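As stored in work.pdb (PDB, C-alpha atoms (C1' of nucleotides)):
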ATOM      1  CA  MET A   1      77.863  10.937  34.801
ATOM      2  CA  THR A   2      80.618   9.535  37.042
ATOM      3  CA  ILE A   3      80.103   6.631  39.364
ATOM      4  CA  ALA A   4      80.088   8.996  42.340
ATOM      5  CA  GLU A   5      77.242  10.997  40.815
ATOM      6  CA  ALA A   6      75.264   7.892  39.935
ATOM      7  CA  SER A   7      75.878   6.636  43.434
ATOM      8  CA  ARG A   8      74.477   9.820  44.948
ATOM      9  CA  LYS A   9      71.553   9.888  42.550
ATOM     10  CA  TYR A  10      70.347   6.384  43.345
ATOM     11  CA  GLY A  11      71.526   5.889  46.895
ATOM     12  CA  LEU A  12      73.706   2.904  46.041
ATOM     13  CA  THR A  13      77.418   2.926  46.862
ATOM     14  CA  ALA A  14      79.977   3.031  44.040
ATOM     15  CA  ASP A  15      81.076  -0.415  45.178
ATOM     16  CA  THR A  16      77.554  -1.731  44.791
ATOM     17  CA  LEU A  17      77.254  -0.255  41.286
ATOM     18  CA  ARG A  18      80.519  -1.874  40.245
ATOM     19  CA  TYR A  19      79.438  -5.125  41.894
ATOM     20  CA  TYR A  20      76.112  -5.101  40.035
ATOM     21  CA  GLU A  21      77.894  -4.582  36.755
ATOM     22  CA  ARG A  22      80.396  -7.331  37.529
ATOM     23  CA  ILE A  23      77.722  -9.942  38.223
ATOM     24  CA  GLY A  24      75.706  -8.872  35.206
ATOM     25  CA  LEU A  25      72.838  -7.240  37.026
ATOM     26  CA  LEU A  26      73.637  -4.149  34.962
ATOM     27  CA  PRO A  27      74.850  -4.260  31.359
ATOM     28  CA  PRO A  28      78.382  -2.884  30.831
ATOM     29  CA  VAL A  29      78.472   0.857  31.418
ATOM     30  CA  PRO A  30      80.066   3.040  28.696
ATOM     31  CA  ARG A  31      83.594   4.231  29.471
ATOM     32  CA  THR A  32      85.703   7.271  28.659
ATOM     33  CA  LYS A  33      88.974   6.779  26.729
ATOM     34  CA  GLY A  34      90.682   6.511  30.076
ATOM     35  CA  GLY A  35      88.494   3.593  31.091
ATOM     36  CA  ILE A  36      86.329   5.506  33.545
ATOM     37  CA  ARG A  37      82.623   4.689  33.748
ATOM     38  CA  ASP A  38      80.341   7.312  32.230
ATOM     39  CA  TYR A  39      76.753   6.526  33.142
ATOM     40  CA  ASP A  40      74.348   7.571  30.402
ATOM     41  CA  GLU A  41      70.565   7.625  30.407
ATOM     42  CA  ALA A  42      70.254   3.950  29.529
ATOM     43  CA  SER A  43      72.605   2.957  32.351
ATOM     44  CA  CYS A  44      70.625   5.087  34.756
ATOM     45  CA  GLY A  45      67.422   3.445  33.603
ATOM     46  CA  TRP A  46      68.872   0.037  34.341
ATOM     47  CA  ILE A  47      70.079   1.118  37.774
ATOM     48  CA  GLU A  48      66.682   2.426  38.647
ATOM     49  CA  LEU A  49      64.941  -0.682  37.343
ATOM     50  CA  MET A  50      67.216  -2.951  39.330
ATOM     51  CA  LYS A  51      66.908  -0.912  42.474
ATOM     52  CA  CYS A  52      63.142  -1.077  42.134
ATOM     53  CA  MET A  53      63.013  -4.804  41.451
ATOM     54  CA  ARG A  54      65.566  -5.740  44.103
ATOM     55  CA  SER A  55      63.807  -3.709  46.770
ATOM     56  CA  ALA A  56      60.655  -5.622  45.918
ATOM     57  CA  GLY A  57      62.469  -8.901  46.485
ATOM     58  CA  VAL A  58      62.846 -10.075  42.884
ATOM     59  CA  GLN A  59      65.538 -12.766  42.711
ATOM     60  CA  ILE A  60      68.928 -11.537  41.565
ATOM     61  CA  GLU A  61      69.341 -14.618  39.391
ATOM     62  CA  ALA A  62      66.214 -13.790  37.414
ATOM     63  CA  LEU A  63      67.361 -10.225  36.868
ATOM     64  CA  ILE A  64      70.821 -11.336  35.740
ATOM     65  CA  GLU A  65      69.235 -13.699  33.256
ATOM     66  CA  TYR A  66      66.946 -10.924  32.067
ATOM     67  CA  VAL A  67      69.901  -8.638  31.377
ATOM     68  CA  ALA A  68      71.805 -11.453  29.641
ATOM     69  CA  LEU A  69      68.830 -12.112  27.354
ATOM     70  CA  TYR A  70      68.449  -8.416  26.636
ATOM     71  CA  ARG A  71      72.070  -8.287  25.576
ATOM     72  CA  GLN A  72      71.528 -11.193  23.216
ATOM     73  CA  GLY A  73      69.121  -9.230  21.083
ATOM     74  CA  GLU A  74      65.533  -8.716  20.125
ATOM     75  CA  ASP A  75      64.573 -12.319  19.550
ATOM     76  CA  THR A  76      64.812 -13.040  23.283
ATOM     77  CA  ALA A  77      61.814 -10.823  24.001
ATOM     78  CA  GLY A  78      59.558 -13.807  24.622
ATOM     79  CA  GLN A  79      61.915 -15.311  27.180
ATOM     80  CA  ARG A  80      62.344 -11.958  28.872
ATOM     81  CA  ARG A  81      58.599 -11.532  29.119
ATOM     82  CA  ALA A  82      58.334 -15.008  30.659
ATOM     83  CA  ILE A  83      60.830 -14.048  33.370
ATOM     84  CA  LEU A  84      58.865 -10.913  34.125
ATOM     85  CA  VAL A  85      55.607 -12.831  34.366
ATOM     86  CA  GLU A  86      57.107 -15.455  36.651
ATOM     87  CA  GLN A  87      58.572 -12.806  38.927
ATOM     88  CA  ARG A  88      55.294 -10.923  38.983
ATOM     89  CA  ASP A  89      53.446 -14.052  40.051
ATOM     90  CA  GLN A  90      55.951 -14.654  42.828
ATOM     91  CA  MET A  91      55.646 -11.048  43.904
ATOM     92  CA  VAL A  92      51.871 -11.321  44.081
ATOM     93  CA  ALA A  93      52.202 -14.487  46.150
ATOM     94  CA  ARG A  94      54.606 -12.790  48.550
ATOM     95  CA  MET A  95      52.279  -9.838  48.922
ATOM     96  CA  GLU A  96      49.365 -12.128  49.718
ATOM     97  CA  GLU A  97      51.448 -13.848  52.358
ATOM     98  CA  MET A  98      52.477 -10.488  53.778
ATOM     99  CA  GLN A  99      48.852  -9.437  53.897
ATOM    100  CA  ARG A 100      48.029 -12.485  56.009
ATOM    101  CA  SER A 101      50.921 -11.690  58.349
ATOM    102  CA  LEU A 102      49.748  -8.096  58.515
ATOM    103  CA  ASP A 103      46.249  -9.226  59.424
ATOM    104  CA  ARG A 104      47.682 -11.347  62.186
ATOM    105  CA  LEU A 105      49.803  -8.482  63.451
ATOM    106  CA  ASN A 106      46.751  -6.248  63.523
ATOM    107  CA  ARG A 107      44.764  -8.830  65.444
ATOM    108  CA  LYS A 108      47.588  -9.112  67.969
ATOM    109  CA  ILE A 109      47.707  -5.354  68.422
ATOM    110  CA  GLU A 110      43.952  -5.303  68.911
ATOM    111  CA  ALA A 111      44.286  -8.040  71.493
ATOM    112  CA  TYR A 112      46.741  -5.847  73.409
ATOM    113  CA  ASP A 113      44.249  -2.989  73.215
ATOM    114  CA  ASN A 114      41.535  -5.217  74.660
ATOM    115  CA  GLY A 115      43.805  -6.271  77.464
ATOM    116  CA  SER A 116      43.277  -9.845  76.333
ATOM    117  CA  TRP A 117      46.895 -10.385  75.329
ATOM    118  CA  ARG A 118      47.660 -12.900  78.090
ATOM    119  CA  GLY A 119      48.839 -16.352  77.025
ATOM    120  CA  GLU A 120      51.054 -14.993  74.366
ATOM    121  CA  PRO A 121      51.171 -16.709  71.002
ATOM    122  CA  ALA A 122      47.555 -15.950  70.156
ATOM    123  CA  ARG A 123      45.417 -18.939  69.247
ATOM    124  CA  GLY A 124      44.210 -17.245  66.082
ATOM    125  CA  ALA A 125      47.015 -18.659  63.964
ATOM    126  CA  CYS A 126      48.661 -16.899  61.089
ATOM    127  CA  GLY A 127      47.349 -18.725  58.105
ATOM    128  CA  GLN A 128      44.285 -20.342  59.595
TER     129      GLN A 128
ATOM    130  CA  MET B   1      56.593 -33.368  70.544
ATOM    131  CA  THR B   2      60.223 -34.004  69.598
ATOM    132  CA  ILE B   3      62.302 -31.573  67.600
ATOM    133  CA  ALA B   4      62.047 -33.829  64.538
ATOM    134  CA  GLU B   5      58.261 -33.728  64.730
ATOM    135  CA  ALA B   6      58.157 -29.972  65.224
ATOM    136  CA  SER B   7      60.577 -29.645  62.338
ATOM    137  CA  ARG B   8      58.293 -31.628  60.052
ATOM    138  CA  LYS B   9      55.204 -29.791  61.276
ATOM    139  CA  TYR B  10      56.546 -26.317  60.531
ATOM    140  CA  GLY B  11      58.953 -26.968  57.711
ATOM    141  CA  LEU B  12      61.967 -25.640  59.623
ATOM    142  CA  THR B  13      65.038 -27.805  60.174
ATOM    143  CA  ALA B  14      65.885 -29.033  63.670
ATOM    144  CA  ASP B  15      69.029 -26.937  63.420
ATOM    145  CA  THR B  16      66.982 -23.838  62.705
ATOM    146  CA  LEU B  17      64.680 -24.517  65.664
ATOM    147  CA  ARG B  18      67.665 -24.907  67.988
ATOM    148  CA  TYR B  19      69.230 -21.788  66.469
ATOM    149  CA  TYR B  20      66.067 -19.753  67.008
ATOM    150  CA  GLU B  21      65.944 -20.836  70.621
ATOM    151  CA  ARG B  22      69.620 -20.033  71.120
ATOM    152  CA  ILE B  23      69.305 -16.476  69.856
ATOM    153  CA  GLY B  24      66.107 -15.914  71.817
ATOM    154  CA  LEU B  25      63.700 -15.842  68.911
ATOM    155  CA  LEU B  26      61.869 -18.621  70.731
ATOM    156  CA  PRO B  27      61.544 -18.829  74.511
ATOM    157  CA  PRO B  28      63.230 -21.871  76.085
ATOM    158  CA  VAL B  29      61.443 -25.062  75.109
ATOM    159  CA  PRO B  30      60.482 -27.477  77.935
ATOM    160  CA  ARG B  31      62.747 -30.517  78.293
ATOM    161  CA  THR B  32      62.353 -34.119  79.388
ATOM    162  CA  LYS B  33      64.402 -35.360  82.372
ATOM    163  CA  GLY B  34      67.042 -36.422  79.871
ATOM    164  CA  GLY B  35      67.357 -32.874  78.527
ATOM    165  CA  ILE B  36      65.564 -33.491  75.276
ATOM    166  CA  ARG B  37      63.264 -30.772  73.934
ATOM    167  CA  ASP B  38      59.558 -31.501  74.239
ATOM    168  CA  TYR B  39      57.630 -28.934  72.230
ATOM    169  CA  ASP B  40      54.264 -28.168  73.818
ATOM    170  CA  GLU B  41      51.386 -26.100  72.485
ATOM    171  CA  ALA B  42      52.892 -22.810  73.619
ATOM    172  CA  SER B  43      56.214 -23.597  71.946
ATOM    173  CA  CYS B  44      54.393 -24.505  68.755
ATOM    174  CA  GLY B  45      52.484 -21.248  68.905
ATOM    175  CA  TRP B  46      55.734 -19.330  69.130
ATOM    176  CA  ILE B  47      57.259 -21.252  66.246
ATOM    177  CA  GLU B  48      54.287 -20.508  64.094
ATOM    178  CA  LEU B  49      54.245 -16.850  65.068
ATOM    179  CA  MET B  50      57.920 -16.452  64.278
ATOM    180  CA  LYS B  51      57.666 -18.306  61.017
ATOM    181  CA  CYS B  52      54.803 -16.023  60.029
ATOM    182  CA  MET B  53      56.549 -12.798  61.062
ATOM    183  CA  ARG B  54      59.916 -13.757  59.594
ATOM    184  CA  SER B  55      58.413 -14.726  56.270
ATOM    185  CA  ALA B  56      56.803 -11.298  56.183
ATOM    186  CA  GLY B  57      60.190  -9.661  56.696
ATOM    187  CA  VAL B  58      59.856  -8.534  60.297
ATOM    188  CA  GLN B  59      63.306  -7.782  61.727
ATOM    189  CA  ILE B  60      64.759 -10.588  63.821
ATOM    190  CA  GLU B  61      66.016  -8.068  66.369
ATOM    191  CA  ALA B  62      62.507  -6.783  67.001
ATOM    192  CA  LEU B  63      61.194 -10.303  67.490
ATOM    193  CA  ILE B  64      64.009 -11.198  69.884
ATOM    194  CA  GLU B  65      63.227  -8.110  71.924
ATOM    195  CA  TYR B  66      59.551  -8.991  71.893
ATOM    196  CA  VAL B  67      60.266 -12.453  73.291
ATOM    197  CA  ALA B  68      62.626 -11.012  75.897
ATOM    198  CA  LEU B  69      59.942  -8.571  77.048
ATOM    199  CA  TYR B  70      57.352 -11.336  77.156
ATOM    200  CA  ARG B  71      59.629 -13.353  79.399
ATOM    201  CA  GLN B  72      59.997 -10.394  81.732
ATOM    202  CA  GLY B  73      56.340 -10.429  82.660
ATOM    203  CA  GLU B  74      53.004  -8.755  82.218
ATOM    204  CA  ASP B  75      54.105  -5.186  82.837
ATOM    205  CA  THR B  76      55.992  -5.134  79.541
ATOM    206  CA  ALA B  77      52.765  -5.345  77.563
ATOM    207  CA  GLY B  78      52.952  -1.707  76.539
ATOM    208  CA  GLN B  79      56.464  -2.057  75.175
ATOM    209  CA  ARG B  80      55.521  -5.229  73.341
ATOM    210  CA  ARG B  81      52.561  -3.509  71.752
ATOM    211  CA  ALA B  82      54.840  -0.665  70.648
ATOM    212  CA  ILE B  83      57.145  -3.132  68.883
ATOM    213  CA  LEU B  84      54.197  -4.691  67.119
ATOM    214  CA  VAL B  85      52.899  -1.310  65.981
ATOM    215  CA  GLU B  86      56.295  -0.247  64.689
ATOM    216  CA  GLN B  87      56.734  -3.474  62.781
ATOM    217  CA  ARG B  88      53.255  -3.199  61.350
ATOM    218  CA  ASP B  89      53.974   0.285  60.083
ATOM    219  CA  GLN B  90      57.182  -0.917  58.458
ATOM    220  CA  MET B  91      55.332  -3.837  56.912
ATOM    221  CA  VAL B  92      52.704  -1.524  55.460
ATOM    222  CA  ALA B  93      55.446   0.676  54.012
ATOM    223  CA  ARG B  94      57.156  -2.338  52.439
ATOM    224  CA  MET B  95      53.888  -3.494  50.934
ATOM    225  CA  GLU B  96      53.261  -0.080  49.430
ATOM    226  CA  GLU B  97      56.720  -0.120  47.895
ATOM    227  CA  MET B  98      56.122  -3.608  46.549
ATOM    228  CA  GLN B  99      52.840  -2.465  45.053
ATOM    229  CA  ARG B 100      54.668   0.254  43.143
ATOM    230  CA  SER B 101      57.208  -2.279  41.877
ATOM    231  CA  LEU B 102      54.389  -4.605  40.919
ATOM    232  CA  ASP B 103      52.715  -1.827  38.967
ATOM    233  CA  ARG B 104      55.939  -1.203  37.125
ATOM    234  CA  LEU B 105      56.380  -4.895  36.395
ATOM    235  CA  ASN B 106      52.866  -5.047  35.010
ATOM    236  CA  ARG B 107      53.493  -2.032  32.804
ATOM    237  CA  LYS B 108      56.642  -3.677  31.491
ATOM    238  CA  ILE B 109      54.803  -6.899  30.694
ATOM    239  CA  GLU B 110      52.120  -4.906  28.905
ATOM    240  CA  ALA B 111      54.812  -3.155  26.915
ATOM    241  CA  TYR B 112      56.096  -6.548  25.773
ATOM    242  CA  ASP B 113      52.577  -7.499  24.779
ATOM    243  CA  ASN B 114      52.265  -4.331  22.717
ATOM    244  CA  GLY B 115      55.556  -5.053  21.006
ATOM    245  CA  SER B 116      56.768  -1.695  22.268
ATOM    246  CA  TRP B 117      59.402  -3.171  24.540
ATOM    247  CA  ARG B 118      62.310  -1.835  22.495
ATOM    248  CA  GLY B 119      64.775   0.478  24.229
ATOM    249  CA  GLU B 120      64.738  -1.559  27.336
ATOM    250  CA  PRO B 121      64.600   0.185  30.687
ATOM    251  CA  ALA B 122      61.157   1.668  30.196
ATOM    252  CA  ARG B 123      60.874   5.406  30.638
ATOM    253  CA  GLY B 124      57.933   5.031  32.975
ATOM    254  CA  ALA B 125      60.085   4.912  36.072
ATOM    255  CA  CYS B 126      59.372   2.903  39.176
ATOM    256  CA  GLY B 127      58.400   5.526  41.667
ATOM    257  CA  GLN B 128      57.526   8.390  39.380
TER     258      GLN B 128
ATOM    259  C1'  DA C   1     105.559  18.734  35.860
ATOM    260  C1'  DC C   2     103.463  17.752  39.977
ATOM    261  C1'  DT C   3      99.959  17.367  43.428
ATOM    262  C1'  DT C   4      95.566  15.939  44.657
ATOM    263  C1'  DG C   5      91.683  13.400  44.583
ATOM    264  C1'  DA C   6      88.458  10.421  42.096
ATOM    265  C1'  DC C   7      88.510   6.323  39.574
ATOM    266  C1'  DT C   8      90.222   1.509  38.194
ATOM    267  C1'  DT C   9      90.913  -3.662  39.187
ATOM    268  C1'  DG C  10      91.146  -8.151  41.601
ATOM    269  C1'  DG C  11      90.586 -10.024  45.644
ATOM    270  C1'  DA C  12      89.829 -10.279  50.619
ATOM    271  C1'  DG C  13      86.600  -9.436  54.462
ATOM    272  C1'  DC C  14      82.106  -9.045  56.699
ATOM    273  C1'  DG C  15      77.431  -9.802  58.820
ATOM    274  C1'  DC C  16      73.449 -12.301  58.613
ATOM    275  C1'  DA C  17      70.844 -16.345  58.981
ATOM    276  C1'  DC C  18      71.323 -20.315  58.912
ATOM    277  C1'  DT C  19      73.664 -25.161  58.299
ATOM    278  C1'  DC C  20      76.759 -28.635  59.338
ATOM    279  C1'  DC C  21      79.815 -31.268  62.281
ATOM    280  C1'  DA C  22      81.986 -34.004  66.138
ATOM    281  C1'  DG C  23      81.679 -36.041  70.163
ATOM    282  C1'  DA C  24      78.737 -37.006  73.997
ATOM    283  C1'  DT C  25      74.324 -38.525  75.849
ATOM    284  C1'  DG C  26      69.461 -40.267  75.774
ATOM    285  C1'  DC C  27      65.832 -43.570  74.446
ATOM    286  C1'  DT C  28      63.962 -47.981  72.346
ATOM    287  C1'  DA C  29      64.080 -52.556  70.971
ATOM    288  C1'  DT C  30      66.007 -57.024  71.207
TER     289       DT C  30
ATOM    290  C1'  DA D   1      73.195 -55.112  78.237
ATOM    291  C1'  DT D   2      74.057 -53.687  73.927
ATOM    292  C1'  DA D   3      72.977 -51.990  69.345
ATOM    293  C1'  DG D   4      71.298 -48.356  66.868
ATOM    294  C1'  DC D   5      69.176 -44.254  66.151
ATOM    295  C1'  DA D   6      67.639 -39.506  67.819
ATOM    296  C1'  DT D   7      69.039 -35.758  70.289
ATOM    297  C1'  DC D   8      72.239 -32.839  72.810
ATOM    298  C1'  DT D   9      76.060 -28.974  72.857
ATOM    299  C1'  DG D  10      79.566 -25.704  71.299
ATOM    300  C1'  DG D  11      81.688 -24.292  67.592
ATOM    301  C1'  DA D  12      83.053 -24.153  62.788
ATOM    302  C1'  DG D  13      81.512 -23.603  57.947
ATOM    303  C1'  DT D  14      78.533 -21.675  54.110
ATOM    304  C1'  DG D  15      76.338 -18.630  50.708
ATOM    305  C1'  DC D  16      74.570 -14.305  49.756
ATOM    306  C1'  DG D  17      75.011  -9.610  48.934
ATOM    307  C1'  DC D  18      77.535  -6.509  49.517
ATOM    308  C1'  DT D  19      81.774  -3.711  51.466
ATOM    309  C1'  DC D  20      86.432  -2.689  51.998
ATOM    310  C1'  DC D  21      91.235  -2.578  50.643
ATOM    311  C1'  DA D  22      95.712  -2.040  48.123
ATOM    312  C1'  DA D  23      98.086  -0.790  44.392
ATOM    313  C1'  DG D  24      97.839   1.422  40.389
ATOM    314  C1'  DT D  25      95.722   4.919  36.682
ATOM    315  C1'  DC D  26      93.346   9.094  35.210
ATOM    316  C1'  DA D  27      92.306  13.998  35.159
ATOM    317  C1'  DA D  28      91.908  18.768  36.800
ATOM    318  C1'  DG D  29      94.246  22.586  38.939
ATOM    319  C1'  DT D  30      98.601  25.299  39.799
TER     320       DT D  30
END
Hey, can you dump this file as structure tokens for me?
Amino acid sequence: MTIAEASRKYGLTADTLRYYERIGLLPPVPRTKGGIRDYDEASCGWIELMKCMRSAGVQIEALIEYVALYRQGEDTAGQRRAILVEQRDQMVARMEEMQRSLDRLNRKIEAYDNGSWRGEPARGACGQ
Amino acid sequence: MTIAEASRKYGLTADTLRYYERIGLLPPVPRTKGGIRDYDEASCGWIELMKCMRSAGVQIEALIEYVALYRQGEDTAGQRRAILVEQRDQMVARMEEMQRSLDRLNRKIEAYDNGSWRGEPARGACGQ
DNA sequence: ACTTGACTTGGAGCGCACTCCAGATGCTAT
DNA sequence: ATAGCATCTGGAGTGCGCTCCAAGTCAAGT
């Protein structure tokens, strides 16, 4: 699969795919004799994984380190798992924070519905 | 309350507070005769609201428009409510996407626990 | 063989959201 | 009144995550 096809398939520009590979967010993609990228199933899997993780806000640094460890071989599995766990915990924390913001947003909308929106920044604070 | 105190209270730098005011993310803060900002309760409420919404990923543009409408008076309440509803819907969508990523992350961690992590980008894709 | 169009690289450019800076002014304490 | 520190403004600088560009190479069609 050429870079243009991979680009279309995943909704990332060719530039972004090359950029991801350059910074190590994707392992090196196989090439044809001529030096042209030929995305195989494994490459596609990585693209999809990274798109998924990045869209969820996982730090690029963590993902780069994950890929680097993967490339070092099987005995880095423990370290890779640790990265995943840490990122999961951060993701859970972010989602909890978002839930609180969402609650606040909903209360504000309700206040507008009740016509009691005057005096803008509502007293019912975000976290408290 | 001086800018240094507000900065400490909300964990935003003085520069960020001035920046937010400049771009209209915060309404103008009251000043002393000498021109120095004196954050009152309303200003603090706005800071807190913006900190909460920004941390949840609400678009800055939407918040700036919200503040602008608020400053235009009571008859913009409907438009303000509409912004809030739109941002809530986007926030819900983001949280659903994050939940799917979280599920995938958890499956990956489980795979490591089962020792079946080999062949890295797991077949169980993110969205599907 | 030659055209055409996609692909390659290294490096420059961009937009966002701050962040820092210089030079001026304000406030407090001695 | 003067030192010394906080704050003010406008504007420049920064880091991230792309995004674009130029100059060259590859590959398919005629």
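When only C-alpha atoms (C1' of nucleotides) are used to compute distances to chain A, the closest of the residues D:DA28, D:DA23, D:DA3, D:DC18 turns out to be D:DC18.
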Test item: chain A residues at most 9 Å from chain C, counting only C-alpha atoms (C1' of nucleotides), as a ChimeraX atom specification: /A:2-4,35-37
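For chain A, the residues close to chain D, meaning within 10 Å and counting all atoms listed in the file, are Thr13, Asp15, Thr16, Tyr19, Tyr20, Lys33, Gly34, Gly35, Ile36 and Ile60 of chain A.
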Cut-off 12 Å around (58.6, -15.3, 46.3) with all atoms listed in the file: residues as an NGL selection string: (:A and (56-60 or 62 or 86-98)) or (:B and (55-57 or 98))
Residue with smallest distance to chain B - pool A:Ile109, A:Ile23, A:Ile83, A:Ile64, counting all atoms listed in the file: A:Ile109
Enumerate, in order of chain and increasing residue number, the residues of chain B with an atom no farther than 9 Å from chain A, each with its shortest atom pair and distance in Å to one decimal, counting only C-alpha atoms, as CSV.
residue,atom,partner,partner_atom,distance
B:Ala42,CA,A:Pro121,CA,6.9
B:Ser43,CA,A:Pro121,CA,8.6
B:Cys44,CA,A:Pro121,CA,8.7
B:Gly45,CA,A:Pro121,CA,5.2
B:Trp46,CA,A:Pro121,CA,5.6
B:Ile47,CA,A:Pro121,CA,9.0
B:Glu48,CA,A:Cys126,CA,7.3
B:Leu49,CA,A:Pro121,CA,6.7
B:Cys52,CA,A:Ser101,CA,6.1
B:Met53,CA,A:Ser101,CA,6.3
B:Ser55,CA,A:Met98,CA,7.7
B:Ala56,CA,A:Met98,CA,5.0
B:Gly57,CA,A:Met98,CA,8.3
B:Tyr70,CA,A:Glu120,CA,7.8
B:Glu74,CA,A:Arg118,CA,7.9
B:Ala77,CA,A:Tyr112,CA,7.3
B:Gly78,CA,A:Tyr112,CA,8.1
B:Arg80,CA,A:Tyr112,CA,8.8
B:Arg81,CA,A:Ile109,CA,6.2
B:Ala82,CA,A:Ile109,CA,8.8
B:Leu84,CA,A:Ile109,CA,6.7
B:Val85,CA,A:Ile109,CA,7.0
B:Gln87,CA,A:Leu105,CA,8.6
B:Arg88,CA,A:Leu105,CA,6.7
B:Met91,CA,A:Leu102,CA,7.2
B:Val92,CA,A:Leu102,CA,7.8
B:Arg94,CA,A:Ala56,CA,8.1
B:Met95,CA,A:Met95,CA,6.8
B:Glu97,CA,A:Ala56,CA,7.0
B:Met98,CA,A:Ala56,CA,5.0
B:Gln99,CA,A:Met95,CA,8.3
B:Arg100,CA,A:Cys52,CA,8.6
B:Ser101,CA,A:Cys52,CA,6.1
B:Leu102,CA,A:Arg88,CA,6.7
B:Arg104,CA,A:Cys52,CA,8.8
B:Leu105,CA,A:Arg88,CA,6.6
B:Asn106,CA,A:Arg88,CA,7.5
B:Lys108,CA,A:Leu84,CA,8.0
B:Ile109,CA,A:Arg81,CA,6.2
B:Tyr112,CA,A:Arg81,CA,6.5
B:Asp113,CA,A:Arg81,CA,8.4
B:Trp117,CA,A:Ala77,CA,8.0
B:Arg118,CA,A:Glu74,CA,8.0
B:Gly119,CA,A:Ala42,CA,8.4
B:Glu120,CA,A:Tyr70,CA,7.8
B:Pro121,CA,A:Gly45,CA,5.2
B:Ala122,CA,A:Gly45,CA,7.3
B:Arg123,CA,A:Gly45,CA,7.5
B:Ala125,CA,A:Glu48,CA,7.5
B:Cys126,CA,A:Cys52,CA,6.2
B:Gly127,CA,A:Cys52,CA,8.1
CA of Leu25 (chain A) to CA of Leu63 (chain A), distance in Å rounded to a single decimal: 6.2 Å
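Between CA of Thr76 (chain A) and CA of Leu26 (chain A) there is a distance of 17.1 Å.
Going from CA of Asp40 (chain B) to CA of Met1 (chain B) covers 6.6 Å.
Between Pro28 (chain B) and the residues B:Gly11, B:Gln79, B:Ala68, B:Gly73, the shortest atom-to-atom distance, using only C-alpha atoms, involves B:Ala68.
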Put chain C into a file with C-alpha atoms (C1' of nucleotides), as a PDB file, in the first residue's frame.
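Output file out-v8.pdb is given in full below:
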ATOM      1  C1'  DA C   1      13.007   7.316 -24.623  1.00  0.00           C
ATOM      2  C1'  DC C   2      10.093  10.510 -22.721  1.00  0.00           C
ATOM      3  C1'  DT C   3       6.272  12.423 -20.257  1.00  0.00           C
ATOM      4  C1'  DT C   4       3.601  12.534 -16.294  1.00  0.00           C
ATOM      5  C1'  DG C   5       2.555  12.132 -11.792  1.00  0.00           C
ATOM      6  C1'  DA C   6       3.419  10.056  -7.274  1.00  0.00           C
ATOM      7  C1'  DC C   7       7.054   9.501  -4.171  1.00  0.00           C
ATOM      8  C1'  DT C   8      11.585  10.765  -1.744  1.00  0.00           C
ATOM      9  C1'  DT C   9      14.438  13.854   1.499  1.00  0.00           C
ATOM     10  C1'  DG C  10      15.883  17.741   4.472  1.00  0.00           C
ATOM     11  C1'  DG C  11      14.505  21.739   5.982  1.00  0.00           C
ATOM     12  C1'  DA C  12      11.610  25.843   6.390  1.00  0.00           C
ATOM     13  C1'  DG C  13       7.074  27.710   7.748  1.00  0.00           C
ATOM     14  C1'  DC C  14       2.796  27.945  10.393  1.00  0.00           C
ATOM     15  C1'  DG C  15      -0.893  28.465  14.006  1.00  0.00           C
ATOM     16  C1'  DC C  16      -1.958  27.899  18.555  1.00  0.00           C
ATOM     17  C1'  DA C  17      -1.556  28.894  23.258  1.00  0.00           C
ATOM     18  C1'  DC C  18       1.028  30.536  25.832  1.00  0.00           C
ATOM     19  C1'  DT C  19       5.591  32.685  27.808  1.00  0.00           C
ATOM     20  C1'  DC C  20       9.022  35.974  28.172  1.00  0.00           C
ATOM     21  C1'  DC C  21      10.979  40.555  27.837  1.00  0.00           C
ATOM     22  C1'  DA C  22      11.953  45.659  28.126  1.00  0.00           C
ATOM     23  C1'  DG C  23      10.840  49.792  29.583  1.00  0.00           C
ATOM     24  C1'  DA C  24       7.514  52.449  32.066  1.00  0.00           C
ATOM     25  C1'  DT C  25       4.563  53.122  36.071  1.00  0.00           C
ATOM     26  C1'  DG C  26       2.431  52.077  40.660  1.00  0.00           C
ATOM     27  C1'  DC C  27       2.623  50.983  45.621  1.00  0.00           C
ATOM     28  C1'  DT C  28       4.974  50.255  50.237  1.00  0.00           C
ATOM     29  C1'  DA C  29       8.333  50.889  53.576  1.00  0.00           C
ATOM     30  C1'  DT C  30      11.980  53.478  55.508  1.00  0.00           C
TER      31       DT C  30
END
